[in-house]
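Shown next: target-v2.cif, containing mmCIF, C-alpha atoms.
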```cif
data_target
#
loop_
_atom_site.label_atom_id
_atom_site.label_comp_id
_atom_site.auth_asym_id
_atom_site.auth_seq_id
_atom_site.Cartn_x
_atom_site.Cartn_y
_atom_site.Cartn_z
CA MET L 2 22.38 24.16 30.37
CA ILE L 3 24.01 25.45 27.17
CA ALA L 4 25.61 22.04 26.55
CA THR L 5 22.19 20.35 26.83
CA ILE L 6 20.68 22.80 24.33
CA ILE L 7 23.52 22.18 21.87
CA ARG L 8 23.20 18.37 22.22
CA THR L 9 19.44 18.57 21.68
CA PHE L 10 19.87 20.78 18.62
CA ILE L 11 22.48 18.45 17.10
CA ILE L 12 20.30 15.38 17.65
CA TYR L 13 17.25 17.19 16.27
CA CYS L 14 19.10 18.13 13.08
CA PHE L 15 20.51 14.62 12.67
CA VAL L 16 17.13 12.90 13.18
CA SER L 17 15.54 15.33 10.70
CA LEU L 18 18.22 14.39 8.18
CA CYS L 19 17.56 10.69 8.79
CA VAL L 20 13.83 11.12 8.15
CA ARG L 21 14.57 13.03 4.94
CA LEU L 22 16.93 10.27 3.79
CA MET L 23 14.27 7.61 4.35
CA GLY L 24 11.84 9.53 2.15
CA LYS L 25 8.56 11.40 2.35
CA ARG L 26 6.69 8.14 2.90
CA GLN L 27 7.90 8.24 6.50
CA LEU L 28 5.70 11.30 7.05
CA GLY L 29 2.53 9.66 5.75
CA GLN L 30 0.87 6.34 6.47
CA LEU L 31 3.57 3.94 7.60
CA GLN L 32 4.08 0.32 6.64
CA PRO L 33 4.82 -2.06 9.57
CA GLY L 34 8.58 -2.00 9.02
CA GLU L 35 8.63 1.78 8.67
CA LEU L 36 6.67 2.16 11.89
CA VAL L 37 9.21 0.02 13.75
CA ILE L 38 12.10 2.08 12.38
CA THR L 39 10.36 5.34 13.34
CA ILE L 40 9.74 4.16 16.91
CA LEU L 41 13.35 2.98 17.27
CA ILE L 42 14.68 6.30 15.97
CA SER L 43 12.62 8.26 18.48
CA GLU L 44 13.76 6.02 21.35
CA ILE L 45 17.44 6.12 20.40
CA ALA L 46 17.40 9.88 19.81
CA ALA L 47 15.77 10.57 23.18
CA THR L 48 18.45 8.73 25.19
CA PRO L 49 21.37 11.22 24.86
CA ILE L 50 18.98 14.14 25.44
CA THR L 51 17.80 12.83 28.82
CA ASP L 52 21.14 11.24 29.76
CA THR L 53 24.00 13.63 29.06
CA SER L 54 26.56 10.99 30.03
CA GLN L 55 25.76 9.11 26.80
CA PRO L 56 28.13 10.07 23.95
CA ILE L 57 26.40 11.44 20.84
CA ILE L 58 28.56 9.31 18.55
CA ASN L 59 26.83 6.13 19.78
CA THR L 60 23.46 7.63 18.89
CA THR L 61 24.55 8.81 15.44
CA VAL L 62 26.03 5.40 14.56
CA SER L 63 22.84 3.60 15.67
CA LEU L 64 20.65 6.02 13.72
CA MET L 65 22.75 5.67 10.57
CA LEU L 66 22.53 1.87 10.80
CA LEU L 67 18.73 2.08 11.06
CA VAL L 68 18.54 4.45 8.10
CA ALA L 69 20.82 2.19 6.05
CA PHE L 70 18.65 -0.82 6.90
CA GLU L 71 15.46 1.04 5.92
CA ILE L 72 16.94 2.19 2.59
CA PHE L 73 18.21 -1.34 1.85
CA SER L 74 14.81 -2.80 2.78
CA SER L 75 13.02 -0.32 0.50
CA LEU L 76 15.30 -1.18 -2.42
CA LEU L 77 14.77 -4.90 -1.81
CA CYS L 78 10.99 -4.34 -1.79
CA ARG L 79 11.27 -2.74 -5.22
CA LYS L 80 13.28 -5.66 -6.58
CA SER L 81 11.50 -8.59 -4.95
CA LEU L 82 7.73 -9.03 -4.88
CA LYS L 83 8.00 -11.90 -2.39
CA PHE L 84 10.06 -9.81 0.02
CA ARG L 85 7.58 -6.93 -0.37
CA TYR L 86 4.66 -9.16 0.56
CA ALA L 87 6.61 -10.72 3.45
CA SER L 88 7.59 -7.29 4.76
CA ASP L 89 4.44 -5.25 4.13
CA GLY L 90 1.76 -7.90 3.65
CA LYS L 91 -0.99 -7.89 1.01
CA PRO L 92 -4.21 -5.88 0.67
CA ILE L 93 -7.17 -7.92 1.89
CA THR L 94 -10.68 -7.60 0.47
CA LEU L 95 -13.37 -7.21 3.14
CA ILE L 96 -16.34 -6.51 0.89
CA LYS L 97 -16.69 -7.87 -2.63
CA HIS L 98 -19.71 -7.30 -4.85
CA GLY L 99 -21.50 -5.86 -1.83
CA LYS L 100 -20.98 -9.00 0.30
CA LEU L 101 -18.96 -8.94 3.52
CA ASN L 102 -16.16 -11.55 3.63
CA GLN L 103 -16.42 -12.76 7.23
CA LYS L 104 -13.45 -15.11 6.83
CA ASN L 105 -11.15 -12.18 6.02
CA LEU L 106 -12.77 -10.24 8.85
CA LYS L 107 -11.58 -12.95 11.27
CA THR L 108 -8.16 -13.11 9.59
CA LEU L 109 -7.65 -9.40 10.23
CA ARG L 110 -9.13 -9.72 13.73
CA PHE L 111 -11.46 -6.83 12.94
CA THR L 112 -14.82 -6.40 14.62
CA ILE L 113 -17.81 -5.31 12.59
CA ASP L 114 -17.89 -2.15 14.72
CA GLU L 115 -14.38 -1.27 13.53
CA VAL L 116 -15.42 -1.76 9.90
CA LEU L 117 -18.51 0.41 10.34
CA SER L 118 -16.42 3.06 12.08
CA ALA L 119 -13.89 3.08 9.20
CA LEU L 120 -16.76 3.45 6.71
CA ARG L 121 -18.27 6.34 8.68
CA GLN L 122 -14.92 8.13 8.54
CA LYS L 123 -15.36 8.04 4.77
CA ASP L 124 -18.91 9.46 5.11
CA ILE L 125 -20.52 6.08 4.44
CA PHE L 126 -23.17 5.24 7.02
CA ASP L 127 -24.77 2.28 5.23
CA ILE L 128 -22.64 -0.79 4.49
CA ASN L 129 -25.14 -1.74 1.78
CA GLU L 130 -23.83 1.16 -0.32
CA VAL L 131 -20.39 -0.47 -0.64
CA GLU L 132 -19.44 -2.57 -3.67
CA TYR L 133 -15.80 -3.16 -2.71
CA ALA L 134 -13.82 -2.49 0.47
CA VAL L 135 -10.12 -3.35 0.72
CA VAL L 136 -7.87 -3.11 3.78
CA GLU L 137 -4.54 -1.77 2.55
CA THR L 138 -1.17 -2.83 3.96
CA ASN L 139 -0.96 0.37 6.02
CA GLY L 140 -4.32 -0.37 7.68
CA ASN L 141 -6.38 2.10 5.68
CA LEU L 142 -9.73 1.06 4.22
CA SER L 143 -10.24 1.78 0.51
CA VAL L 144 -13.86 1.83 -0.63
CA LEU L 145 -15.65 1.66 -3.98
CA LEU L 146 -19.33 2.57 -3.82
CA LYS L 147 -22.05 0.81 -5.76
CA GLN L 148 -22.95 2.30 -9.13
CA ASN L 149 -26.17 3.98 -7.96
CA LYS L 150 -24.39 5.54 -4.97
CA GLN L 151 -21.46 7.06 -6.83
CA PRO L 152 -21.37 10.78 -7.70
CA LEU L 153 -22.82 11.49 -11.14
CA THR L 154 -20.24 11.96 -13.90
CA GLN L 155 -20.56 12.38 -17.65
CA GLU L 156 -19.62 8.73 -18.18
CA THR L 157 -22.20 7.38 -15.72
CA TYR L 158 -24.79 9.79 -17.13
CA GLU L 159 -24.23 8.51 -20.67
CA SER L 160 -24.09 4.85 -19.57
CA PRO L 161 -26.37 4.61 -16.52
CA LYS L 162 -26.70 0.81 -16.75
CA LYS L 163 -22.99 0.19 -16.60
CA THR L 164 -22.11 -1.89 -13.53
CA THR L 165 -19.33 -1.14 -11.10
CA ASP L 166 -16.26 -3.12 -12.11
CA ALA L 167 -13.10 -2.93 -10.04
CA PRO L 168 -10.01 -3.87 -12.10
CA CYS L 169 -8.06 -6.94 -11.02
CA VAL L 170 -4.27 -6.64 -10.76
CA VAL L 171 -2.70 -9.52 -12.70
CA ILE L 172 0.93 -8.40 -13.16
CA ILE L 173 3.19 -6.33 -10.89
CA ASP L 174 6.85 -5.65 -11.70
CA GLY L 175 6.88 -8.23 -14.47
CA LYS L 176 5.46 -11.06 -12.35
CA ILE L 177 2.00 -12.62 -12.66
CA ILE L 178 0.08 -12.42 -9.37
CA GLU L 179 -1.37 -15.93 -9.28
CA SER L 180 -3.29 -15.23 -6.06
CA SER L 181 -5.28 -12.57 -7.94
CA LEU L 182 -6.35 -14.95 -10.69
CA ASN L 183 -9.16 -16.30 -8.50
CA ASP L 184 -10.88 -12.93 -8.89
CA SER L 185 -9.71 -12.42 -12.45
CA PRO L 186 -11.91 -13.05 -15.51
CA VAL L 187 -8.86 -14.26 -17.46
CA THR L 188 -6.40 -17.12 -17.20
CA ILE L 189 -2.60 -17.10 -17.34
CA ASP L 190 -2.76 -18.26 -20.98
CA GLU L 191 -5.05 -15.38 -21.88
CA ILE L 192 -2.75 -12.93 -20.12
CA ASN L 193 0.24 -14.25 -22.04
CA LYS L 194 -1.70 -14.04 -25.33
CA LYS L 195 -2.59 -10.41 -24.60
CA ILE L 196 1.05 -9.58 -23.83
CA LYS L 197 2.20 -11.31 -27.03
CA LYS L 198 -0.45 -9.50 -29.06
CA ASP L 199 0.68 -6.12 -27.71
CA LYS L 200 4.32 -7.08 -28.39
CA VAL L 201 5.50 -6.32 -24.89
CA ASP L 202 7.88 -8.37 -22.76
CA LYS L 203 6.35 -9.42 -19.44
CA LYS L 204 9.43 -8.29 -17.50
CA ASP L 205 8.93 -4.78 -18.92
CA ILE L 206 5.43 -4.45 -17.41
CA LEU L 207 5.18 -2.37 -14.25
CA LEU L 208 1.44 -2.92 -13.81
CA MET L 209 -1.25 -4.81 -15.68
CA THR L 210 -4.93 -4.88 -14.73
CA VAL L 211 -8.04 -6.37 -16.31
CA THR L 212 -11.75 -5.86 -15.68
CA LYS L 213 -14.57 -8.36 -15.98
CA THR L 214 -15.38 -6.84 -19.36
CA ASN L 215 -11.84 -7.77 -20.49
CA LYS L 216 -10.60 -4.18 -20.51
CA TYR L 217 -6.83 -4.28 -20.09
CA THR L 218 -4.54 -1.59 -18.74
CA ILE L 219 -0.80 -2.01 -19.19
CA ILE L 220 1.78 0.38 -17.74
CA ARG L 221 5.31 -0.27 -18.97
CA LYS L 222 8.44 0.31 -16.95
CA GLU L 223 10.40 3.40 -17.90
CA LYS L 224 13.76 2.59 -19.41
#
```

Take the structure from the file and write it as structure tokens.
Amino acid sequence: MIATIIRTFIIYCFVSLCVRLMGKRQLGQLQPGELVITILISEIAATPITDTSQPIINTTVSLMLLVAFEIFSSLLCRKSLKFRYASDGKPITLIKHGKLNQKNLKTLRFTIDEVLSALRQKDIFDINEVEYAVVETNGNLSVLLKQNKQPLTQETYESPKKTTDAPCVVIIDGKIIESSLNDSPVTIDEINKKIKKDKVDKKDILLMTVTKTNKYTIIRKEK
């Protein structure tokens, strides 16, 4: 009995350490790869607790390999945009300018009931109130309400006729996102001209967005 308690305590402490090493993101909404790692950790950790004949060293080695793989994968995601998209996928727009994209609805294999349910969880009971809705890579639905449905702020009070304009991401980690240019009001040449005008190297840009009114936002990488 005492040996079982000690084994369970050791495994509990080691799994807790593994989760801490993988980062706080493991405790929030998980990406597909992170979810797989979390499930595997729980399965591997449970084996020596229920089967005392299994040596703990086998469990610790397996857990450390999983943690090492997760850390390596996270670092690779930071370095490579292509690997990040292959591993985590891309956000997919379901509603754009108030219109439901039924093609993307089929791509995600979502039913309209699931979309309405996700909207209700955000206190939105009328789909006609939505200007943009994007399914994030972790499965969450991000929503931007239409101008006349948004809470009143000083800016909207002073400019009541201003239309809702979601910024388009054109550069991430120094790379132009060509797939986003379909929704962008600017071309690659215009992006390059803007970068040259601001005297910033493209590889030094962490994030660059542009709105339909040609309002740019550039966040540089910290040295």

query: Written as a list in words, what is the full residue list that the PyMOL selection byres ((chain L and resi 224) around 12) yields on the file shown?
result: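 Taken over the shown coordinates, the PyMOL selection byres ((chain L and resi 224) around 12) returns Lys204, Asp205, Ile206, Leu207, Arg221, Lys222 and Glu223 of chain L.
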
message: Which residue is closest to Ser181 of chain L? Choose from L:Thr48, L:Asn215, L:Thr94, L:Ser54 and count only C-alpha atoms.
response: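 Looking at the shortest contact to Ser181 of chain L, the residue is L:Thr94.
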
task: Taking the point (-18.3, -2.1, 12.7) as given in the file, collect each protein or nucleic acid residue that comes within 12 Å of it, counting only C-alpha atoms, and present the set as a PyMOL selection string.
output: chain L and resi 95+101+106+110-122+125-128

query: So, counting only C-alpha atoms, which residue among L:Ile38, L:Ile196, L:Asp184, L:Val201 is closest to Ala69 of chain L?
result: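 Comparing L:Ile38, L:Ile196, L:Asp184, L:Val201 against Ala69 of chain L, the winner is L:Ile38.
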
message: I'd like the interatomic distance between atom CA of Ile72 of chain L and atom CA of Lys203 of chain L, to a tenth of an Å.
response: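 A separation of 27.1 Å between them.
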
- line: What separates atom CA of Phe15 of chain L and atom CA of Pro56 of chain L is a distance of 14.4 Å

task: Go ahead and compute the interatomic distance for atom CA of Phe73 of chain L and atom CA of Thr210 of chain L, in Å to one decimal.
output: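 If I compute the distance from atom CA of Phe73 of chain L to atom CA of Thr210 of chain L, I get 28.7 Å.
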
- line: Judged by all atoms listed in the file, the minimum distance to Thr214 of chain L among L:Leu146, L:Leu36, L:Ile189, L:Cys169 is found for L:Cys169

How big is the axis-aligned box around all listed atoms of segment 185-203 of chain L once 5 Å goes on each side, and where's its centre, in Å to one decimal, as JSON?
```
{"center_x": -2.0, "center_y": -12.2, "center_z": -20.8, "size_x": 29.8, "size_y": 22.1, "size_z": 26.6}
```

- prompt: Once the PyMOL selection byres ((chain L and resi 132) around 10) has been applied to the shown file, what residues remain in the selection, as a VMD selection string?
  reply: chain L and resid 96 to 101 128 to 131 133 to 134 144 to 148 150 165 to 167

task: Find the residue from L:Ile173, L:Lys107, L:Pro49, L:Asn139 that sits nearest to Thr218 of chain L; use all atoms listed in the file when measuring.
output: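 Closest candidate: L:Ile173.
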
message: Ranking L:Ile93, L:Ala87, L:Val211, L:Ala46 by minimum distance to Asn105 of chain L and counting all atoms listed in the file, which one comes first?
response: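 Counting all atoms listed in the file, the residue closest to Asn105 of chain L is L:Ile93.
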
field: Using all atoms listed in the file: which of L:Tyr217, L:Ser43, L:Lys197, L:Glu35 has the shortest distance to Ser185 of chain L
entry: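 Closest to Ser185 of chain L, using all atoms listed in the file: L:Tyr217.
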
field: Selection under test: the PyMOL selection byres ((chain L and resi 60) around 9); residues as a list in words
entry: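 Given this file, the PyMOL selection byres ((chain L and resi 60) around 9) evaluates to Ile12, Ile45, Ala46, Thr48, Pro49, Gln55, Pro56, Ile57, Ile58, Asn59, Thr61, Val62, Ser63, Leu64 and Met65 of chain L.
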
Same residues, C-alpha atoms, output as a short mmCIF file (atom, residue, chain, number, x, y, z; two decimals), keeping the file's coordinate frame:
```cif
data_model
loop_
_atom_site.label_atom_id
_atom_site.label_comp_id
_atom_site.auth_asym_id
_atom_site.auth_seq_id
_atom_site.Cartn_x
_atom_site.Cartn_y
_atom_site.Cartn_z
CA ILE L 12 20.30 15.38 17.65
CA ILE L 45 17.44 6.12 20.40
CA ALA L 46 17.40 9.88 19.81
CA THR L 48 18.45 8.73 25.19
CA PRO L 49 21.37 11.22 24.86
CA GLN L 55 25.76 9.11 26.80
CA PRO L 56 28.13 10.07 23.95
CA ILE L 57 26.40 11.44 20.84
CA ILE L 58 28.56 9.31 18.55
CA ASN L 59 26.83 6.13 19.78
CA THR L 61 24.55 8.81 15.44
CA VAL L 62 26.03 5.40 14.56
CA SER L 63 22.84 3.60 15.67
CA LEU L 64 20.65 6.02 13.72
CA MET L 65 22.75 5.67 10.57
#
```

message: Show me the residues close to (10.4, -8.7, -9.6) - anything with an atom within 7 Å, counting all atoms listed in the file - and format the list as a ChimeraX atom specification.
response: /L:80-82,174-176
